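Okay, upload19.cif is below, mmCIF, C-alpha atoms:
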data_upload
loop_
_atom_site.group_PDB
_atom_site.id
_atom_site.type_symbol
_atom_site.label_atom_id
_atom_site.label_comp_id
_atom_site.auth_asym_id
_atom_site.auth_seq_id
_atom_site.Cartn_x
_atom_site.Cartn_y
_atom_site.Cartn_z
ATOM 1 C CA MET A 1 0.000 0.000 0.000
ATOM 2 C CA ALA A 2 2.895 2.380 0.708
ATOM 3 C CA TYR A 3 4.046 2.180 -2.908
ATOM 4 C CA VAL A 4 0.518 2.986 -4.095
ATOM 5 C CA LEU A 5 0.534 6.079 -1.873
ATOM 6 C CA LEU A 6 3.954 7.008 -3.218
ATOM 7 C CA GLY A 7 2.715 6.589 -6.795
ATOM 8 C CA ILE A 8 -0.256 8.862 -6.153
ATOM 9 C CA ALA A 9 2.073 11.346 -4.429
ATOM 10 C CA ILE A 10 4.295 11.399 -7.508
ATOM 11 C CA LEU A 11 1.283 11.952 -9.763
ATOM 12 C CA ALA A 12 0.046 14.794 -7.543
ATOM 13 C CA GLU A 13 3.489 16.422 -7.572
ATOM 14 C CA VAL A 14 3.752 16.095 -11.354
ATOM 15 C CA LEU A 15 0.291 17.618 -11.794
ATOM 16 C CA ALA A 16 1.176 20.484 -9.446
ATOM 17 C CA THR A 17 4.468 21.143 -11.214
ATOM 18 C CA SER A 18 2.708 21.059 -14.583
ATOM 19 C CA LEU A 19 0.408 23.835 -13.378
ATOM 20 C CA ILE A 20 3.178 26.203 -12.256
ATOM 21 C CA LYS A 21 3.526 27.971 -15.606
ATOM 22 C CA SER A 22 -0.233 28.516 -15.882
ATOM 23 C CA THR A 23 -0.321 30.250 -12.474
ATOM 24 C CA VAL A 24 1.568 33.170 -14.067
ATOM 25 C CA GLY A 25 3.574 33.822 -10.930
ATOM 26 C CA PHE A 26 0.710 32.699 -8.685
ATOM 27 C CA SER A 27 -1.448 35.540 -10.008
ATOM 28 C CA ARG A 28 -4.229 33.319 -11.432
ATOM 29 C CA LEU A 29 -6.523 31.879 -8.759
ATOM 30 C CA TRP A 30 -7.613 28.471 -10.073
ATOM 31 C CA PRO A 31 -4.269 27.269 -11.435
ATOM 32 C CA THR A 32 -2.638 28.505 -8.205
ATOM 33 C CA LEU A 33 -5.133 26.606 -6.038
ATOM 34 C CA GLY A 34 -4.663 23.491 -8.174
ATOM 35 C CA CYS A 35 -0.889 23.785 -7.928
ATOM 36 C CA LEU A 36 -0.807 24.323 -4.178
ATOM 37 C CA GLY A 37 -3.433 21.633 -3.600
ATOM 38 C CA GLY A 38 -1.427 19.173 -5.676
ATOM 39 C CA TYR A 39 1.713 19.870 -3.681
ATOM 40 C CA ALA A 40 -0.164 19.585 -0.376
ATOM 41 C CA LEU A 41 -1.627 16.216 -1.390
ATOM 42 C CA ALA A 42 1.757 15.051 -2.655
ATOM 43 C CA PHE A 43 3.526 15.853 0.620
ATOM 44 C CA VAL A 44 0.805 14.311 2.771
ATOM 45 C CA LEU A 45 0.943 11.089 0.763
ATOM 46 C CA LEU A 46 4.746 11.079 0.703
ATOM 47 C CA ALA A 47 4.754 11.437 4.488
ATOM 48 C CA GLN A 48 2.445 8.429 4.756
ATOM 49 C CA ALA A 49 4.527 6.384 2.309
ATOM 50 C CA VAL A 50 7.782 6.896 4.220
ATOM 51 C CA LYS A 51 6.245 5.214 7.239
ATOM 52 C CA GLU A 52 6.952 1.928 5.408
ATOM 53 C CA ILE A 53 9.411 2.823 2.645
ATOM 54 C CA PRO A 54 12.925 4.002 3.513
ATOM 55 C CA VAL A 55 13.049 7.751 2.950
ATOM 56 C CA GLY A 56 16.048 7.494 0.604
ATOM 57 C CA VAL A 57 14.259 5.026 -1.636
ATOM 58 C CA ALA A 58 11.000 6.983 -1.542
ATOM 59 C CA TYR A 59 12.725 10.260 -2.354
ATOM 60 C CA ALA A 60 14.772 8.697 -5.155
ATOM 61 C CA LEU A 61 11.569 7.418 -6.747
ATOM 62 C CA TRP A 62 9.723 10.681 -6.081
ATOM 63 C CA SER A 63 12.379 12.929 -7.573
ATOM 64 C CA GLY A 64 13.563 10.666 -10.387
ATOM 65 C CA LEU A 65 10.189 9.645 -11.758
ATOM 66 C CA GLY A 66 8.786 13.116 -11.180
ATOM 67 C CA THR A 67 11.657 14.722 -13.088
ATOM 68 C CA ALA A 68 11.347 12.296 -15.996
ATOM 69 C CA ALA A 69 7.587 12.867 -16.177
ATOM 70 C CA ILE A 70 7.956 16.658 -16.103
ATOM 71 C CA VAL A 71 10.522 16.583 -18.906
ATOM 72 C CA ALA A 72 8.125 14.476 -20.989
ATOM 73 C CA ILE A 73 5.182 16.791 -20.225
ATOM 74 C CA GLY A 74 7.316 19.833 -21.041
ATOM 75 C CA ALA A 75 8.297 18.336 -24.378
ATOM 76 C CA VAL A 76 4.839 17.116 -25.382
ATOM 77 C CA PHE A 77 2.576 19.853 -24.052
ATOM 78 C CA LEU A 78 4.755 22.922 -23.505
ATOM 79 C CA GLY A 79 6.934 22.769 -26.600
ATOM 80 C CA GLU A 80 10.190 22.462 -24.661
ATOM 81 C CA SER A 81 13.163 21.041 -26.505
ATOM 82 C CA VAL A 82 14.532 17.609 -25.690
ATOM 83 C CA GLY A 83 17.956 16.861 -27.055
ATOM 84 C CA PHE A 84 20.495 14.119 -26.588
ATOM 85 C CA VAL A 85 22.102 15.723 -23.539
ATOM 86 C CA LYS A 86 18.776 16.195 -21.751
ATOM 87 C CA LEU A 87 17.723 12.616 -22.535
ATOM 88 C CA THR A 88 21.089 11.357 -21.286
ATOM 89 C CA GLY A 89 20.572 13.252 -18.032
ATOM 90 C CA ILE A 90 17.115 11.742 -17.573
ATOM 91 C CA ALA A 91 18.508 8.273 -18.320
ATOM 92 C CA LEU A 92 21.178 8.803 -15.652
ATOM 93 C CA ILE A 93 18.537 9.906 -13.133
ATOM 94 C CA ILE A 94 16.452 6.820 -13.859
ATOM 95 C CA ALA A 95 19.547 4.632 -13.598
ATOM 96 C CA GLY A 96 20.283 6.190 -10.222
ATOM 97 C CA VAL A 97 16.746 5.463 -9.032
ATOM 98 C CA VAL A 98 17.080 1.852 -10.165
ATOM 99 C CA ILE A 99 20.424 1.479 -8.374
ATOM 100 C CA VAL A 100 19.054 2.989 -5.150
ATOM 101 C CA ASN A 101 16.128 0.571 -5.284
ATOM 102 C CA LEU A 102 18.303 -2.459 -6.068
ATOM 103 C CA VAL A 103 20.601 -1.676 -3.173
ATOM 104 C CA GLY A 104 17.559 -0.750 -1.075
ATOM 105 C CA GLU A 105 17.863 -1.889 2.506
ATOM 106 C CA HIS A 106 20.923 -4.111 2.092
#

Translate the structure of the given file into structure tokens.
Amino acid sequence: MAYVLLGIAILAEVLATSLIKSTVGFSRLWPTLGCLGGYALAFVLLAQAVKEIPVGVAYALWSGLGTAAIVAIGAVFLGESVGFVKLTGIALIIAGVVIVNLVGEH
């Protein structure tokens, strides 16, 4: 169940981060409320997940998968460029997350 909570926390954080640009510096009410609500939900769920998942593993998953998802969203929906160097960086982040999880609690 902790990994389900972590997955939902990651989705909430990705949604919140995706809304940042549309808040226009937190000057638009609804995108701002959506953004802040997404972050609040994400942190509450992350806090619940780390009751059972080691914080290092949870944070590696949270940050790595969140970063990869935001880069993909930026490229697909926001017209941001994705070149070889950026893709290499994302691959290294994902590799780091995999290594942290393989080592885990050993």

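The shortest atom-to-atom distance to Leu78 in chain A, with all atoms listed in the file taken into account, belongs to A:Leu19 out of A:Ile99, A:Val44, A:Val24, A:Leu19.
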
Note to self: Quick one: residues within 9 Å of Leu61 in chain A, all atoms listed in the file, excluding same-chain residues fewer than 6 positions away - as a PyMOL selection string?
What the structure shows: chain A and resi 6-7+10+94+97-98+100-101

Output file for the selection above: C-alpha atoms, as an mmCIF file, keeping the file's coordinate frame:
data_model
loop_
_atom_site.group_PDB
_atom_site.id
_atom_site.type_symbol
_atom_site.label_atom_id
_atom_site.label_comp_id
_atom_site.auth_asym_id
_atom_site.auth_seq_id
_atom_site.Cartn_x
_atom_site.Cartn_y
_atom_site.Cartn_z
ATOM 1 C CA LEU A 6 3.954 7.008 -3.218
ATOM 2 C CA GLY A 7 2.715 6.589 -6.795
ATOM 3 C CA ILE A 10 4.295 11.399 -7.508
ATOM 4 C CA ILE A 94 16.452 6.820 -13.859
ATOM 5 C CA VAL A 97 16.746 5.463 -9.032
ATOM 6 C CA VAL A 98 17.080 1.852 -10.165
ATOM 7 C CA VAL A 100 19.054 2.989 -5.150
ATOM 8 C CA ASN A 101 16.128 0.571 -5.284
#

Next item on the list: Using the chain letters and numbers from the file, give me the residues hit by the PyMOL selection byres ((chain A and resi 69) around 10), as a VMD selection string.
Entry: chain A and resid 10 to 11 14 to 15 18 63 to 68 70 to 75 90

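CA of Leu87 in chain A is found 26.1 Å from CA of Tyr3 in chain A.
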
Checklist line | Explicit residues for the PyMOL selection byres ((chain A and resi 30-39) around 8) (as a ChimeraX atom specification) | finding: /A:12-13,15-17,19-20,22-23,26-29,40-43

Check: Do you have the CA of Gln48 in chain A-CA of Leu5 in chain A distance handy?
Finding: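 CA of Gln48 in chain A sits 7.3 Å away from CA of Leu5 in chain A.
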
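Going from CA of Val4 in chain A to CA of Leu46 in chain A covers 10.3 Å.
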
Checklist line | Pick from A:Thr88, A:Gly25, A:Ala58, A:Gly96 nearest to Ala9 in chain A, counting all atoms listed in the file | finding: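 Of the candidates, the smallest distance to Ala9 in chain A is held by A:Ala58.
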
Once 4 Å is added on each side, what are the centre and the three edge lengths, in Å to one decimal, of the axis-aligned box enclosing the listed atoms of range 19-26 of chain A? Present them as lines of an AutoDock Vina configuration file.
center_x = 1.6
center_y = 28.8
center_z = -12.3
size_x = 11.9
size_y = 18.0
size_z = 15.2

Item checked: Pick from A:Ala2, A:Ala91, A:Ile8, A:Val103, whichever lies nearest to Val50 in chain A using only C-alpha atoms ->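 The answer is A:Ala2, which sits nearest to Val50 in chain A.
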
Next item on the list: Rank A:Ile53, A:Met1, A:Lys21, A:Ala95 by their smallest atom-to-atom distance to Phe77 in chain A, using all atoms listed in the file, and report the top residue only.
Entry: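 Once distances to Phe77 in chain A are computed over all atoms listed in the file, the minimum belongs to A:Lys21.
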